[in-house]
$ cat final_17.cif   # mmCIF, C-alpha atoms
data_run
loop_
_atom_site.label_atom_id
_atom_site.label_comp_id
_atom_site.auth_asym_id
_atom_site.auth_seq_id
_atom_site.Cartn_x
_atom_site.Cartn_y
_atom_site.Cartn_z
CA MET X 1099 104.82 126.66 87.05
CA LEU X 1100 103.47 124.64 89.91
CA ASN X 1101 102.22 126.25 93.04
CA GLN X 1102 104.29 126.53 96.13
CA ARG X 1103 103.81 123.51 98.31
CA GLU X 1104 101.84 124.27 101.43
CA GLU X 1105 102.01 121.01 103.32
CA PHE X 1106 105.75 120.69 103.48
CA ILE X 1107 105.68 120.78 107.26
CA LEU X 1108 102.78 119.37 109.19
CA PRO X 1109 100.62 121.66 111.27
CA ASP X 1110 101.79 121.85 114.87
CA ASN X 1111 98.52 120.51 116.18
CA ILE X 1112 99.35 117.13 114.71
CA LYS X 1113 102.96 117.01 115.78
CA ASN X 1114 102.10 118.18 119.28
CA ASN X 1115 99.02 116.10 119.63
CA LYS X 1116 98.80 115.02 123.24
CA ASN X 1117 98.15 111.44 122.17
CA ALA X 1118 101.24 111.26 120.01
CA ASP X 1119 103.31 109.46 122.63
CA ALA X 1120 100.66 106.82 123.24
CA LEU X 1121 100.27 106.26 119.51
CA LEU X 1122 103.97 106.02 118.89
CA ALA X 1123 104.30 103.55 121.76
CA GLU X 1124 101.56 101.48 120.19
CA PHE X 1125 103.24 101.71 116.81
CA GLU X 1126 106.52 100.51 118.21
CA SER X 1127 104.99 97.56 120.00
CA ASP X 1128 104.75 94.15 118.37
CA ASN X 1129 101.05 93.94 118.96
CA THR X 1130 98.41 95.99 117.25
CA ASP X 1131 95.96 97.54 119.65
CA ILE X 1132 93.06 98.44 117.41
CA GLU X 1133 90.89 99.77 120.17
CA LEU X 1134 93.62 102.09 121.35
CA ILE X 1135 94.25 103.36 117.82
CA ARG X 1136 90.55 103.89 117.23
CA SER X 1137 90.06 105.72 120.51
CA LEU X 1138 93.04 107.98 119.94
CA CYS X 1139 92.22 108.64 116.31
CA SER X 1140 88.47 108.95 116.43
CA GLU X 1141 88.35 112.74 116.59
CA PRO X 1142 89.39 114.84 113.61
CA ASP X 1143 92.46 117.00 113.99
CA GLU X 1144 91.83 120.73 114.24
CA ASP X 1145 92.84 121.58 110.71
CA GLU X 1146 91.85 118.31 109.18
CA ALA X 1147 90.22 118.67 105.80
CA PRO X 1148 86.97 116.74 105.41
CA ILE X 1149 87.48 113.33 103.87
CA ASP X 1150 85.38 112.46 100.86
CA LEU X 1151 85.09 108.73 101.48
CA ASP X 1152 83.23 108.05 98.24
CA GLU X 1153 85.79 109.77 96.07
CA GLN X 1154 88.69 108.19 97.92
CA TRP X 1155 87.20 104.71 97.57
CA GLU X 1156 86.74 105.14 93.85
CA ARG X 1157 90.37 106.20 93.57
CA ILE X 1158 91.57 103.22 95.58
CA LYS X 1159 89.57 100.80 93.44
CA LEU X 1160 90.91 102.37 90.27
CA LEU X 1161 94.46 102.20 91.57
CA ALA X 1162 94.00 98.56 92.51
CA LEU X 1163 92.79 97.87 88.99
CA GLU X 1164 95.56 99.73 87.20
CA SER X 1165 98.59 99.33 89.39
CA GLU X 1166 100.14 97.32 92.14
CA PRO X 1167 100.67 98.71 95.62
CA ILE X 1168 103.94 100.51 96.27
CA TYR X 1169 104.68 98.06 99.04
CA ASP X 1170 104.58 94.41 98.23
CA LEU X 1171 103.82 92.40 101.34
CA GLU X 1172 106.01 89.56 100.29
CA GLU X 1173 108.70 91.22 98.24
CA ASP X 1174 109.44 93.55 101.09
CA ASN X 1175 109.29 90.70 103.56
CA ILE X 1176 106.53 92.53 105.34
CA THR X 1177 105.41 89.70 107.54
CA HIS X 1178 102.06 89.56 109.15
CA ILE X 1179 102.37 88.43 112.69
CA SER X 1180 99.48 86.05 112.13
CA GLU X 1181 100.67 84.86 108.74
CA ALA X 1182 104.36 84.28 109.18
CA LYS X 1183 104.03 80.55 108.93
CA ALA X 1184 101.56 80.47 106.11
CA LYS X 1185 103.47 82.90 103.91
CA ARG X 1186 104.61 81.56 100.61
CA LYS X 1187 107.86 83.04 99.42
CA ARG X 1188 107.51 84.51 95.98
CA PRO X 1189 110.75 83.60 94.36
CA ALA X 1190 110.93 86.05 91.56
CA ARG X 1191 109.09 89.29 91.90
CA LYS X 1192 111.93 90.94 90.07
CA LEU X 1193 111.00 88.88 87.08
CA LEU X 1194 107.83 90.87 86.68
CA VAL X 1195 109.89 94.02 86.68
CA ALA X 1196 111.78 92.62 83.72
CA VAL X 1197 108.59 91.59 82.03
CA ALA X 1198 107.13 95.02 82.62
CA ALA X 1199 109.34 96.31 79.82
CA VAL X 1200 107.26 94.25 77.46
CA VAL X 1201 103.87 94.09 79.07
CA VAL X 1202 102.66 97.63 79.28
CA VAL X 1203 99.61 97.46 81.47
CA LEU X 1204 96.62 95.38 82.34
CA CYS X 1205 94.04 97.56 80.80
CA GLY X 1206 90.30 97.82 80.62
CA VAL X 1207 87.97 96.88 77.86
CA SER X 1208 88.66 99.89 75.69
CA ILE X 1209 91.64 98.58 73.75
CA ALA X 1210 89.75 97.66 70.65
CA ALA X 1211 87.99 100.98 70.51
CA ASN X 1212 91.28 102.83 70.54
CA ALA X 1213 93.21 100.71 68.18
CA ASN X 1214 93.91 100.70 64.49
CA GLY X 1215 94.16 96.94 64.21
CA GLY X 1216 91.60 94.48 63.01
CA SER X 1217 89.35 91.80 64.38
CA LEU X 1218 90.13 88.27 63.37
CA LYS X 1219 88.25 85.03 63.82
CA ASN X 1220 87.41 84.21 67.40
CA ALA X 1221 89.89 86.53 69.12
CA VAL X 1222 89.55 90.27 68.80
CA ALA X 1223 93.07 91.56 68.38
CA SER X 1224 94.00 95.16 68.01
CA TRP X 1225 97.14 97.18 67.75
CA THR X 1226 98.55 100.62 67.34
CA GLU X 1227 102.02 101.59 66.20
CA ASP X 1228 103.54 100.60 69.49
CA VAL X 1229 101.24 98.27 71.39
CA PHE X 1230 99.39 95.05 70.76
CA GLY X 1231 96.55 93.51 72.72
CA PHE X 1232 93.51 91.25 72.70
CA SER X 1233 90.09 92.29 73.83
CA PRO X 1234 88.67 90.49 76.86
CA HIS X 1235 87.43 87.00 76.22
CA ILE X 1236 84.80 85.25 78.25
CA ASP X 1237 84.78 81.83 76.72
CA ILE X 1238 85.69 79.18 79.31
CA LYS X 1239 87.09 75.92 78.04
CA ASP X 1240 88.78 73.28 80.09
CA PHE X 1241 91.29 71.21 79.92
CA ALA X 1242 91.84 67.51 80.48
CA ASP X 1243 94.20 65.80 78.07
CA PRO X 1244 96.82 63.12 78.79
CA GLU X 1245 99.84 64.63 80.46
CA PRO X 1246 102.38 65.78 77.86
CA VAL X 1247 106.15 65.86 78.32
CA ILE X 1248 107.21 69.27 79.48
CA PRO X 1249 110.79 70.56 79.17
CA GLU X 1250 112.54 70.59 82.52
CA ALA X 1251 112.90 74.36 82.37
CA LEU X 1252 109.13 74.71 82.40
CA THR X 1253 108.46 72.21 85.18
CA LYS X 1254 107.60 74.85 87.78
CA LEU X 1255 105.33 76.63 85.37
CA ALA X 1256 103.60 73.33 84.66
CA GLU X 1257 103.10 72.84 88.40
CA GLU X 1258 101.47 76.26 88.60
CA PHE X 1259 99.23 75.22 85.69
CA ASP X 1260 98.18 72.19 87.69
CA LYS X 1261 97.26 74.35 90.66
CA TYR X 1262 94.97 76.47 88.55
CA GLY X 1263 93.50 73.54 86.64
CA ILE X 1264 94.98 74.54 83.30
CA SER X 1265 95.93 71.77 80.95
CA ARG X 1266 99.65 71.28 80.40
CA ASP X 1267 99.03 70.87 76.70
CA LYS X 1268 98.92 74.64 76.48
CA LEU X 1269 102.61 74.79 77.42
CA PRO X 1270 105.48 74.56 74.94
CA LYS X 1271 107.05 71.11 74.69
CA TYR X 1272 110.12 72.59 73.07
CA ILE X 1273 112.38 75.39 74.13
CA PRO X 1274 115.51 76.49 72.26
CA GLU X 1275 118.59 74.48 73.05
CA GLY X 1276 120.68 75.53 76.00
CA TYR X 1277 117.99 77.56 77.73
CA GLU X 1278 117.40 76.85 81.38
CA GLU X 1279 114.87 78.09 83.84
CA TYR X 1280 116.04 81.35 85.34
CA GLU X 1281 113.03 82.03 87.52
CA THR X 1282 109.34 81.32 87.72
CA ASP X 1283 106.86 83.66 89.24
CA PHE X 1284 103.16 84.13 89.60
CA ALA X 1285 101.05 87.17 90.33
CA ASP X 1286 97.60 86.64 91.71
CA LEU X 1287 95.76 89.83 90.83
CA VAL X 1288 92.14 90.77 91.43
CA ASP X 1289 90.88 89.78 88.00
CA ALA X 1290 93.75 87.76 86.63
CA ILE X 1291 96.54 85.35 87.38
CA ILE X 1292 99.85 85.81 85.64
CA LEU X 1293 102.23 82.87 85.43
CA THR X 1294 105.72 83.52 84.14
CA THR X 1295 108.93 81.65 83.55
CA ALA X 1296 112.11 83.35 82.41
CA LEU X 1297 114.52 81.19 80.45
CA LYS X 1298 118.18 82.04 80.31
CA LYS X 1299 121.07 81.06 78.14
CA GLY X 1300 124.23 83.09 78.72
CA ASP X 1301 123.18 86.70 78.38
CA SER X 1302 119.99 85.88 76.52
CA MET X 1303 116.70 85.72 78.29
CA SER X 1304 113.35 84.61 76.89
CA ILE X 1305 110.07 84.63 78.69
CA VAL X 1306 107.07 82.34 78.63
CA GLN X 1307 104.06 83.98 80.18
CA TYR X 1308 100.38 83.15 80.64
CA PHE X 1309 97.65 85.49 81.65
CA LEU X 1310 94.55 83.80 83.00
CA SER X 1311 91.60 86.13 83.20
CA VAL X 1312 89.31 85.34 86.10
CA GLY X 1313 87.18 88.45 85.85
CA GLY X 1314 86.96 88.92 82.11
CA GLU X 1315 87.62 92.63 82.28
CA LYS X 1316 91.36 92.98 81.93
CA THR X 1317 93.75 92.21 79.15
CA PRO X 1318 97.45 92.90 78.77
CA GLU X 1319 98.99 95.19 76.20
CA TYR X 1320 102.43 94.55 74.83
CA GLN X 1321 104.97 96.99 73.58
CA LYS X 1322 105.90 96.34 70.00
CA ASP X 1323 107.83 97.76 67.09
CA ASP X 1324 105.98 99.64 64.42
CA VAL X 1325 105.29 96.60 62.25
CA GLU X 1326 102.11 94.72 61.50
CA PRO X 1327 101.76 91.48 63.48
CA GLU X 1328 101.99 88.32 61.43
CA ILE X 1329 99.23 85.81 62.06
CA TYR X 1330 100.36 82.24 62.36
CA SER X 1331 97.43 79.86 62.62
CA VAL X 1332 97.63 76.45 64.22
CA SER X 1333 94.77 74.07 63.51
CA LEU X 1334 93.69 71.72 66.24
CA ASN X 1335 90.94 69.13 66.25
CA ASP X 1336 88.20 71.44 67.35
CA LYS X 1337 89.58 74.92 66.85
CA THR X 1338 92.20 77.09 65.33
CA ILE X 1339 94.54 79.17 67.43
CA ASP X 1340 95.97 82.33 65.92
CA PHE X 1341 99.41 83.29 67.11
CA TYR X 1342 100.24 86.95 66.54
CA ILE X 1343 103.92 87.29 65.88
CA THR X 1344 105.74 90.59 65.93
CA THR X 1345 108.83 92.20 67.40
CA ASN X 1346 109.71 94.52 70.21
CA ALA X 1347 113.11 96.21 70.08
CA GLY X 1348 113.95 93.73 67.33
CA ASP X 1349 113.25 90.62 69.43
CA TYR X 1350 110.46 88.33 68.35
CA PHE X 1351 107.44 87.69 70.45
CA ALA X 1352 104.15 85.90 69.99
CA VAL X 1353 100.81 86.30 71.69
CA TRP X 1354 97.73 84.11 71.45
CA GLN X 1355 94.41 83.60 73.12
CA ASP X 1356 92.77 80.38 74.08
CA GLY X 1357 89.55 81.01 75.95
CA MET X 1358 90.35 82.89 79.13
CA LEU X 1359 94.01 82.08 78.81
CA GLU X 1360 96.35 84.42 76.99
CA GLY X 1361 99.84 83.14 76.28
CA SER X 1362 102.91 85.05 75.27
CA LEU X 1363 106.46 84.21 74.30
CA PHE X 1364 108.93 87.07 74.56
CA ASN X 1365 112.44 87.91 73.48
CA PHE X 1366 113.17 85.16 71.02
CA GLU X 1367 116.19 85.81 68.89
CA SER X 1368 114.85 84.41 65.66
CA ARG X 1369 111.49 83.84 64.09
CA ASP X 1370 112.41 80.23 63.33
CA GLU X 1371 113.09 79.43 66.96
CA LEU X 1372 109.88 81.13 67.98
CA LEU X 1373 107.92 79.09 65.43
CA LYS X 1374 109.40 75.88 66.78
CA VAL X 1375 108.22 76.80 70.24
CA ILE X 1376 104.77 77.70 68.93
CA ASP X 1377 104.53 74.47 66.99
CA SER X 1378 105.27 72.51 70.14
CA ILE X 1379 102.29 73.96 71.99
CA TYR X 1380 99.15 71.80 71.94
CA ARG X 1381 101.25 68.86 70.74
CA MET O 763 83.07 91.28 87.38
CA SER O 764 82.16 87.96 88.95
CA ASN O 765 79.82 87.82 91.94
CA GLU O 766 82.57 86.53 94.18
CA ILE O 767 84.91 89.38 93.31
CA GLN O 768 82.15 91.94 93.74
CA ASP O 769 81.25 90.36 97.06
CA ASN O 770 84.86 90.66 98.23
CA ILE O 771 85.05 94.28 97.12
CA ASP O 772 81.83 95.02 99.02
CA LYS O 773 83.23 93.50 102.19
CA ILE O 774 86.43 95.49 101.86
CA GLU O 775 84.43 98.64 101.23
CA TYR O 776 82.52 98.04 104.45
CA LEU O 777 85.79 97.88 106.37
CA TYR O 778 87.07 100.90 104.47
CA ARG O 779 84.10 103.03 105.44
CA ASN O 780 84.43 102.05 109.09
CA GLU O 781 88.18 102.35 109.44
CA TYR O 782 89.62 104.70 106.83
CA SER O 783 89.43 107.92 108.86
CA ALA O 784 91.06 106.45 111.96
CA MET O 785 93.69 104.72 109.85
CA LEU O 786 94.53 107.94 108.07
CA ARG O 787 94.91 109.85 111.34
CA TYR O 788 97.06 107.07 112.74
CA ALA O 789 99.28 107.19 109.64
CA ARG O 790 99.53 110.98 109.74
CA ARG O 791 100.61 110.95 113.34
CA VAL O 792 103.16 108.21 112.88
CA LEU O 793 104.64 109.63 109.72
CA SER O 794 104.10 113.33 110.45
CA ASN O 795 103.55 113.72 106.75
CA GLU O 796 100.20 114.16 105.07
CA GLY O 797 101.00 112.92 101.61
CA LEU O 798 102.92 109.87 102.67
CA ALA O 799 100.21 108.99 105.18
CA GLU O 800 97.44 109.19 102.61
CA ASP O 801 99.36 107.06 100.16
CA ALA O 802 100.20 104.53 102.89
CA VAL O 803 96.55 104.04 103.78
CA GLN O 804 95.59 103.86 100.11
CA ASP O 805 98.29 101.27 99.63
CA THR O 806 96.95 99.23 102.54
CA PHE O 807 93.52 99.02 100.92
CA GLN O 808 95.10 98.31 97.56
CA ILE O 809 96.92 95.37 99.12
CA ALA O 810 93.61 94.22 100.59
CA ILE O 811 91.85 94.44 97.22
CA ASN O 812 94.69 92.63 95.48
CA LYS O 813 94.76 89.90 98.11
CA PRO O 814 91.20 89.72 99.34
CA GLU O 815 91.57 86.16 100.56
CA LYS O 816 94.28 87.23 103.00
CA LEU O 817 92.05 89.88 104.48
CA LEU O 818 88.74 88.10 104.39
CA ASP O 819 90.01 84.70 105.47
CA SER O 820 91.68 86.29 108.45
CA PRO O 821 89.90 85.59 111.75
CA ASN O 822 90.14 89.31 112.41
CA PRO O 823 89.94 91.31 109.15
CA THR O 824 90.05 94.66 110.93
CA GLY O 825 93.17 93.55 112.78
CA TRP O 826 94.67 92.41 109.48
CA LEU O 827 94.08 95.86 108.02
CA TYR O 828 95.75 97.66 110.90
CA GLU O 829 98.64 95.21 110.93
CA THR O 830 99.13 95.75 107.23
CA LEU O 831 99.00 99.49 107.67
CA LYS O 832 101.56 99.25 110.44
CA ASN O 833 103.86 97.25 108.21
CA VAL O 834 103.45 99.70 105.36
CA LEU O 835 104.17 102.58 107.74
CA MET O 836 107.30 100.88 108.99
CA HIS O 837 108.59 100.55 105.47
CA ALA O 838 107.63 104.10 104.57
CA LEU O 839 109.48 105.37 107.64
CA ARG O 840 112.52 103.30 106.83
CA ASP O 841 112.58 104.44 103.21
CA ARG O 842 112.16 108.04 104.19
CA LYS O 843 114.90 107.87 106.80
CA LYS O 844 117.38 106.32 104.38
CA LEU O 845 116.58 108.80 101.67
CA GLN O 846 116.75 111.74 104.05
CA MET O 847 120.27 110.73 104.91
CA MET O 848 121.22 111.02 101.28
CA ILE O 849 120.44 114.69 101.05
CA PRO O 850 123.21 117.04 102.13
CA GLU O 851 121.85 119.06 105.01
CA ASP O 852 122.36 122.45 103.41
CA SER O 853 120.41 121.35 100.37
CA VAL O 854 117.22 120.56 102.24
CA PRO O 855 114.91 123.27 101.03
CA GLU O 856 112.97 125.59 103.24
CA ARG O 857 109.21 125.36 103.16
CA GLU O 858 109.13 128.50 101.03
CA LEU O 859 110.92 126.77 98.20
CA SER O 860 108.77 126.36 95.11
CA THR O 861 108.32 122.98 93.47
CA ASP O 862 110.28 124.13 90.44
CA ASP O 863 113.19 125.21 92.61
CA LEU O 864 113.04 121.93 94.48
CA ILE O 865 113.20 119.96 91.24
CA LEU O 866 116.10 122.12 90.09
CA ARG O 867 117.93 121.45 93.33
CA LEU O 868 117.34 117.72 93.13
CA THR O 869 118.49 117.72 89.53
CA THR O 870 121.70 119.39 90.64
CA LEU O 871 122.14 116.65 93.23
CA TYR O 872 121.09 113.62 91.23
CA GLY O 873 121.52 114.61 87.60
CA ASP O 874 119.55 112.38 85.29
CA ASP O 875 118.53 109.94 87.99
CA GLU O 876 114.79 110.46 87.70
CA GLU O 877 114.01 107.57 90.00
CA MET O 878 115.99 109.09 92.82
CA ARG O 879 114.33 112.47 92.30
CA LEU O 880 110.95 110.78 92.38
CA LEU O 881 111.71 108.89 95.58
CA ILE O 882 113.09 111.97 97.33
CA MET O 883 110.06 114.04 96.40
CA PHE O 884 107.70 111.31 97.53
CA TYR O 885 109.37 110.22 100.74
CA VAL O 886 111.31 113.20 101.94
CA TYR O 887 109.21 116.11 100.74
CA GLY O 888 105.89 114.36 101.08
CA TYR O 889 104.46 114.92 97.64
CA ARG O 890 101.46 112.69 97.06
CA ALA O 891 101.58 110.23 94.21
CA LYS O 892 98.73 112.11 92.53
CA GLU O 893 100.69 115.39 92.73
CA LEU O 894 103.77 113.75 91.26
CA ALA O 895 101.61 112.18 88.59
CA LYS O 896 100.35 115.61 87.61
CA MET O 897 103.89 116.95 87.36
CA LEU O 898 104.97 114.01 85.24
CA GLY O 899 101.87 114.09 83.06
CA ILE O 900 100.96 110.50 83.84
CA SER O 901 98.16 108.75 85.70
CA GLU O 902 98.30 108.27 89.44
CA ALA O 903 98.44 104.52 88.91
CA ALA O 904 101.40 104.86 86.55
CA CYS O 905 103.11 107.12 89.06
CA LYS O 906 102.64 104.55 91.82
CA MET O 907 104.11 101.91 89.58
CA ARG O 908 107.11 104.17 88.97
CA ILE O 909 107.58 104.66 92.69
CA ARG O 910 107.29 100.93 93.21
CA ARG O 911 109.81 100.28 90.46
CA ALA O 912 112.14 102.99 91.73
CA ARG O 913 112.07 101.42 95.19
CA ALA O 914 112.99 98.10 93.67
CA HIS O 915 115.83 99.63 91.66
CA LYS O 916 117.17 101.56 94.65
CA LYS O 917 116.78 98.70 97.04
CA ASP O 918 120.49 98.66 97.75
CA ILE O 919 120.28 102.25 98.94
CA ILE O 920 117.00 102.02 100.82
CA GLU O 921 117.79 98.80 102.62
CA ARG O 922 121.44 99.46 103.28
#
$ encode --input "final_17.cif" --output "structure tokens"
Amino acid sequence: MLNQREEFILPDNIKNNKNADALLAEFESDNTDIELIRSLCSEPDEDEAPIDLDEQWERIKLLALESEPIYDLEEDNITHISEAKAKRKRPARKLLVAVAAVVVVLCGVSIAANANGGSLKNAVASWTEDVFGFSPHIDIKDFADPEPVIPEALTKLAEEFDKYGISRDKLPKYIPEGYEEYETDFADLVDAIILTTALKKGDSMSIVQYFLSVGGEKTPEYQKDDVEPEIYSVSLNDKTIDFYITTNAGDYFAVWQDGMLEGSLFNFESRDELLKVIDSIYR
Amino acid sequence: MSNEIQDNIDKIEYLYRNEYSAMLRYARRVLSNEGLAEDAVQDTFQIAINKPEKLLDSPNPTGWLYETLKNVLMHALRDRKKLQMMIPEDSVPERELSTDDLILRLTTLYGDDEEMRLLIMFYVYGYRAKELAKMLGISEAACKMRIRRARAHKKDIIER
């Protein structure tokens, strides 16, 4: 039984604060008068509990690491007065909501310690009954091969690759017949960049996603069915890439690591189709 | 963590230590709601940490922070107002109502719609994300993600 809530109604001293009108007028104006806000809000309210700035800062940092803010500046069309022109419209935030069903969290470095799975070759993979993930990787390798032919549906994703200096050869050159780009999105997080394209064919949707770690401390985890991942190795000139293939809710997905880049292919109807896509990467 | 990221975090922390208290009081007075105010200010700094270049490249980082807070507050007010309108007047609980009774009442109103219950408790009754997280047995971060997701799912209601 939880305790009765005490702060349901604010103390009168806040509601009746003599500066309330001035503050509300400021709030309603288009301009932000910092000096006015500071001067009106510099003194603690009568019943104000002391603020533990250290504790609060630690919480904020942790929240920033583990979650996204409730309000998305761009999704909500929250426009900064000074940034209205520079703002880049994010076309597909909702895509990440869809992907969230598969990608559980960006988590810290403790995955391997908690998992039942094994460590294989150059990537440390680990899994439990219901999630799969790689440990953080700090090997940087780049990326300058002749430009490969990218399927039209992945053109926008390829352009995002260009912006971040990632070689296009890490993209699939084949996607199953009839699939078209549904939406492409990117999320620029503190320690990582996530690039995603959703492919659609009728009611079917597959997802191609890349997670580029720029801090080396976060890795994704993926929901999976209670089956052991199959390891499908692809030999290249100078290295071997292990693709971990498994299912989530019966749909096939594959995850692999290549240096700081982690790729994933979600929601493929058959293993054969998924393998064709995998085989087209690095070709 | 790379030096650049740590450097950005340090700069944001400097602003945080100078501005947090005033920002929180501003939010409390605008929203007249402790929990919502605290989460709004937290959210503002979370946005800053997630998009440090926007804050730190701004010619006036402090101004950017307050502008962001103002925008967050506007959205919080809008969401709360819309959700308040969805509660039949006679079902708004008195301050004496226990949390369990409140949940029971919201369940009567919204059945299995957990997202709506979550949004009402957060926006209308001013429960902090960390309090809701405790009730749900999840982390505060996970709770915030649920609120974020619930907002997205109920966009048609909130933005109507």
$ closest_residue --input "final_17.cif" --among "O:Asn833, O:Ser901, O:Asn770, O:Asn822" --to "chain X" --atoms "all atoms listed in the file"
O:Asn833
$ atom_distance --input "final_17.cif" --atom1 "CA of His915 in chain O" --atom2 "CA of Glu800 in chain O"
23.4 Å
$ resolve_selection --input "final_17.cif" --expression "the PyMOL selection byres ((chain O) within 8 of (chain X))" --output "PyMOL selection string"
chain O and resi 763-764+767+775+778-779+783-785+787-788+790-792+794-796+804-809+811-813+825-826+828-830+832-834+837+857-862+887-888+902-904+906-907+909-911
$ closest_residue --input "final_17.cif" --among "O:Leu786, O:Val886, O:Met848, O:Ala895" --to "Tyr872 in chain O" --atoms "all atoms listed in the file"
O:Met848
$ closest_residue --input "final_17.cif" --among "O:Asp863, O:Glu781, O:Asp801, O:Asp819" --to "Glu893 in chain O" --atoms "all atoms listed in the file"
O:Asp801
$ atom_distance --input "final_17.cif" --atom1 "CA of Ile771 in chain O" --atom2 "CA of Leu827 in chain O"
14.2 Å
$ residues_near_point --input "final_17.cif" --point "(101.4, 81.6, 68.8)" --cutoff "7 Å" --atoms "only C-alpha atoms" --output "JSON, numbers by chain"
{"X": [1330, 1340, 1341, 1342, 1343, 1352, 1353, 1354, 1376]}
